[in-house]
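In what follows, a single structure is set out as structure tokens and then discussed.
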Amino acid sequence: MFKKALLLYSAGSFAALAQALLSFGLAELGWLALAHTTLTPGIGGATLYLKLVWGGLWSFFALFPGLSKMARWQQILLLSLVPSVAQLLYFMPQAGAGWFGLAHGWGTPLVVVGMNALWSGITLTVAQTK
């Protein structure tokens, strides 16, 4: 069990790094603006550190027993909803972006859920938890 948890934490952190680099690249290319969001992801030291730690911690939700019995797409969807709900309903309102981060634009919830689905897919693929 400890080995599986360690593998998931590592996979979640790796996926968070990939997601952070992709979201930074998409913002630099202006694609996030096309998605009607003003999110400006950074890849500075403190921001990247938080993403890696939280990415690892969120991955522990893949240890829930019922998740392994589902199809891969269901696993990805359910695992991605955990950080998405936390971001959209807790962290963004606390940061002053309003419910669902709508102060950043109407496309913000779609970008958040999409990026977290990417994180979830990478995490589950790297960890091979089926």
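Every chain in the structure tokens takes a letter, A first, then B, and so on in the order presented; its residues are numbered from 1, and the ligands are numbered from 1 following the presented order.
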
Counting only C-alpha atoms, give me one row per residue of stretch 53-88 of chain A with an atom at most 10 Å from an atom of stretch 95-103 of chain A, showing the shortest contact pair and its distance in Å to one decimal, sorted by chain then residue number, as a Markdown table.
```
| residue | atom | partner | partner_atom | distance |
| --- | --- | --- | --- | --- |
| A:Ser84 | CA | A:Phe100 | CA | 9.3 |
| A:Val85 | CA | A:Phe100 | CA | 8.5 |
| A:Ala86 | CA | A:Phe100 | CA | 9.7 |
| A:Gln87 | CA | A:Phe100 | CA | 7.7 |
| A:Leu88 | CA | A:Phe100 | CA | 4.2 |
```

Compile the contact shell of A:Trp106 as a PDB file with N, CA, C and O atoms, in the first residue's frame: residues with an atom at most 7 Å away, counting only C-alpha atoms, same-chain residues fewer than 2 positions apart removed.
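Result went into out16.pdb, see below:
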```pdb
ATOM      1  N   HIS A  36     -11.586  32.513 -23.299  1.00  0.00           N
ATOM      2  CA  HIS A  36     -12.313  33.503 -22.495  1.00  0.00           C
ATOM      3  C   HIS A  36     -12.002  33.406 -21.011  1.00  0.00           C
ATOM      4  O   HIS A  36     -12.903  33.358 -20.170  1.00  0.00           O
ATOM      5  N   THR A  37     -10.708  33.374 -20.696  1.00  0.00           N
ATOM      6  CA  THR A  37     -10.277  33.396 -19.310  1.00  0.00           C
ATOM      7  C   THR A  37      -9.052  34.294 -19.199  1.00  0.00           C
ATOM      8  O   THR A  37      -8.251  34.371 -20.132  1.00  0.00           O
ATOM      9  N   LEU A 102     -15.343  32.992 -11.989  1.00  0.00           N
ATOM     10  CA  LEU A 102     -15.954  33.731 -13.094  1.00  0.00           C
ATOM     11  C   LEU A 102     -15.439  35.161 -13.227  1.00  0.00           C
ATOM     12  O   LEU A 102     -15.627  35.777 -14.269  1.00  0.00           O
ATOM     13  N   THR A 108     -13.260  30.172 -17.591  1.00  0.00           N
ATOM     14  CA  THR A 108     -12.398  29.684 -16.514  1.00  0.00           C
ATOM     15  C   THR A 108     -12.777  28.291 -16.010  1.00  0.00           C
ATOM     16  O   THR A 108     -11.902  27.429 -15.893  1.00  0.00           O
TER      17      THR A 108
END
```

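Across A:Val126, A:Gly107, A:Leu7, A:Ile76, the tightest approach to A:Trp31 is made by A:Gly107 when counting only C-alpha atoms.
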
Shell of 10 Å around A:Ala27, only C-alpha atoms, local chain residues under 4 positions omitted, as a list in words
Leu21, Leu22, Ser23, Trp31, Leu32, Ala33, Leu34, Thr37, Thr38, Leu39, Thr40, Pro41 and Gly42 of chain A

DSSP-assigned helix (DSSP H, G or I) members of chain A, reported as JSON, numbers by chain:
{"A": [2, 3, 4, 5, 6, 7, 8, 9, 10, 11, 12, 13, 14, 15, 16, 17, 18, 19, 20, 21, 22, 23, 24, 25, 26, 27, 28, 29, 31, 32, 33, 34, 45, 46, 47, 48, 49, 50, 51, 52, 53, 54, 55, 56, 57, 58, 59, 60, 61, 62, 63, 65, 66, 67, 68, 69, 72, 73, 74, 75, 76, 77, 78, 79, 80, 81, 82, 83, 84, 85, 86, 87, 88, 89, 90, 91, 92, 93, 94, 99, 100, 101, 102, 103, 104, 108, 109, 110, 111, 112, 113, 114, 115, 116, 117, 118, 119, 120, 121, 122, 123, 124, 125, 126, 127]}

For C-alpha atoms, I'd like the residues from the last selection saved as a short mmCIF file (atom, residue, chain, number, x, y, z; two decimals), in the first residue's frame.
```cif
data_model
loop_
_atom_site.label_atom_id
_atom_site.label_comp_id
_atom_site.auth_asym_id
_atom_site.auth_seq_id
_atom_site.Cartn_x
_atom_site.Cartn_y
_atom_site.Cartn_z
CA PHE A 2 2.83 2.40 0.86
CA LYS A 3 4.54 1.64 -2.44
CA LYS A 4 1.33 2.37 -4.36
CA ALA A 5 0.81 5.63 -2.45
CA LEU A 6 4.39 6.70 -3.15
CA LEU A 7 3.96 5.88 -6.84
CA LEU A 8 0.72 7.87 -6.97
CA TYR A 9 2.30 10.87 -5.24
CA SER A 10 5.19 10.84 -7.69
CA ALA A 11 2.85 10.44 -10.67
CA GLY A 12 0.62 13.26 -9.41
CA SER A 13 3.59 15.57 -8.98
CA PHE A 14 4.91 14.71 -12.44
CA ALA A 15 1.47 15.32 -13.94
CA ALA A 16 1.25 18.65 -12.11
CA LEU A 17 4.58 19.68 -13.64
CA ALA A 18 3.38 18.73 -17.12
CA GLN A 19 0.10 20.59 -16.55
CA ALA A 20 1.89 23.68 -15.24
CA LEU A 21 4.21 23.81 -18.25
CA LEU A 22 1.34 23.30 -20.68
CA SER A 23 -0.89 25.93 -19.07
CA PHE A 24 2.00 28.41 -19.02
CA GLY A 25 2.67 27.70 -22.69
CA LEU A 26 -1.00 28.06 -23.61
CA ALA A 27 -1.16 31.38 -21.76
CA GLU A 28 1.96 32.63 -23.52
CA LEU A 29 0.53 31.66 -26.90
CA TRP A 31 -4.85 30.29 -26.20
CA LEU A 32 -6.21 30.83 -22.70
CA ALA A 33 -7.45 34.24 -23.79
CA LEU A 34 -9.21 32.52 -26.69
CA GLY A 45 9.49 28.70 -7.75
CA ALA A 46 6.72 29.13 -5.16
CA THR A 47 3.91 28.57 -7.66
CA LEU A 48 5.54 25.47 -9.10
CA TYR A 49 6.25 24.12 -5.62
CA LEU A 50 2.57 24.45 -4.65
CA LYS A 51 1.42 22.78 -7.87
CA LEU A 52 3.78 19.83 -7.38
CA VAL A 53 2.82 19.30 -3.73
CA TRP A 54 -0.93 19.62 -4.36
CA GLY A 55 -0.68 17.45 -7.47
CA GLY A 56 0.86 14.71 -5.36
CA LEU A 57 -1.69 15.10 -2.58
CA TRP A 58 -4.70 15.10 -4.91
CA SER A 59 -3.45 11.86 -6.44
CA PHE A 60 -4.16 9.98 -3.20
CA PHE A 61 -7.85 10.07 -4.13
CA ALA A 62 -6.97 7.41 -6.72
CA LEU A 63 -6.62 4.99 -3.80
CA PRO A 65 -11.43 1.22 -3.69
CA GLY A 66 -14.30 1.77 -6.11
CA LEU A 67 -12.18 3.79 -8.54
CA SER A 68 -10.15 0.80 -9.71
CA LYS A 69 -13.31 -1.01 -10.88
CA ARG A 72 -10.28 4.53 -17.45
CA TRP A 73 -12.31 7.50 -18.71
CA GLN A 74 -14.51 7.32 -15.60
CA GLN A 75 -11.44 7.21 -13.37
CA ILE A 76 -10.00 10.27 -15.13
CA LEU A 77 -13.27 12.18 -14.86
CA LEU A 78 -13.84 11.41 -11.18
CA LEU A 79 -10.25 12.03 -10.13
CA SER A 80 -10.19 15.35 -12.00
CA LEU A 81 -13.37 16.52 -10.28
CA VAL A 82 -11.72 16.53 -6.85
CA PRO A 83 -9.20 19.34 -7.50
CA SER A 84 -11.62 21.08 -9.88
CA VAL A 85 -14.33 21.40 -7.24
CA ALA A 86 -11.77 22.57 -4.68
CA GLN A 87 -10.38 25.20 -7.05
CA LEU A 88 -13.70 26.46 -8.33
CA LEU A 89 -15.67 26.43 -5.08
CA TYR A 90 -13.02 27.12 -2.43
CA PHE A 91 -9.66 28.44 -3.61
CA MET A 92 -10.87 30.85 -6.30
CA PRO A 93 -13.58 32.46 -4.13
CA GLN A 94 -11.02 32.79 -1.32
CA TRP A 99 -17.60 31.35 -7.47
CA PHE A 100 -16.20 29.16 -10.26
CA GLY A 101 -13.55 31.82 -10.88
CA LEU A 102 -15.95 33.73 -13.09
CA ALA A 103 -14.16 37.00 -12.32
CA HIS A 104 -11.47 35.61 -14.65
CA THR A 108 -12.40 29.68 -16.51
CA PRO A 109 -14.39 26.66 -15.25
CA LEU A 110 -13.85 24.88 -18.58
CA VAL A 111 -10.12 25.55 -18.51
CA VAL A 112 -9.84 24.42 -14.89
CA VAL A 113 -11.76 21.18 -15.47
CA GLY A 114 -9.87 20.52 -18.72
CA MET A 115 -6.46 21.06 -17.15
CA ASN A 116 -7.38 18.89 -14.19
CA ALA A 117 -8.61 16.16 -16.55
CA LEU A 118 -5.20 16.32 -18.23
CA TRP A 119 -3.51 16.08 -14.82
CA SER A 120 -5.73 13.13 -13.88
CA GLY A 121 -5.07 11.30 -17.13
CA ILE A 122 -1.32 11.70 -16.82
CA THR A 123 -1.39 10.69 -13.15
CA LEU A 124 -3.36 7.50 -13.78
CA THR A 125 -1.33 6.61 -16.85
CA VAL A 126 2.03 7.05 -15.11
CA ALA A 127 0.86 5.20 -12.01
#
```
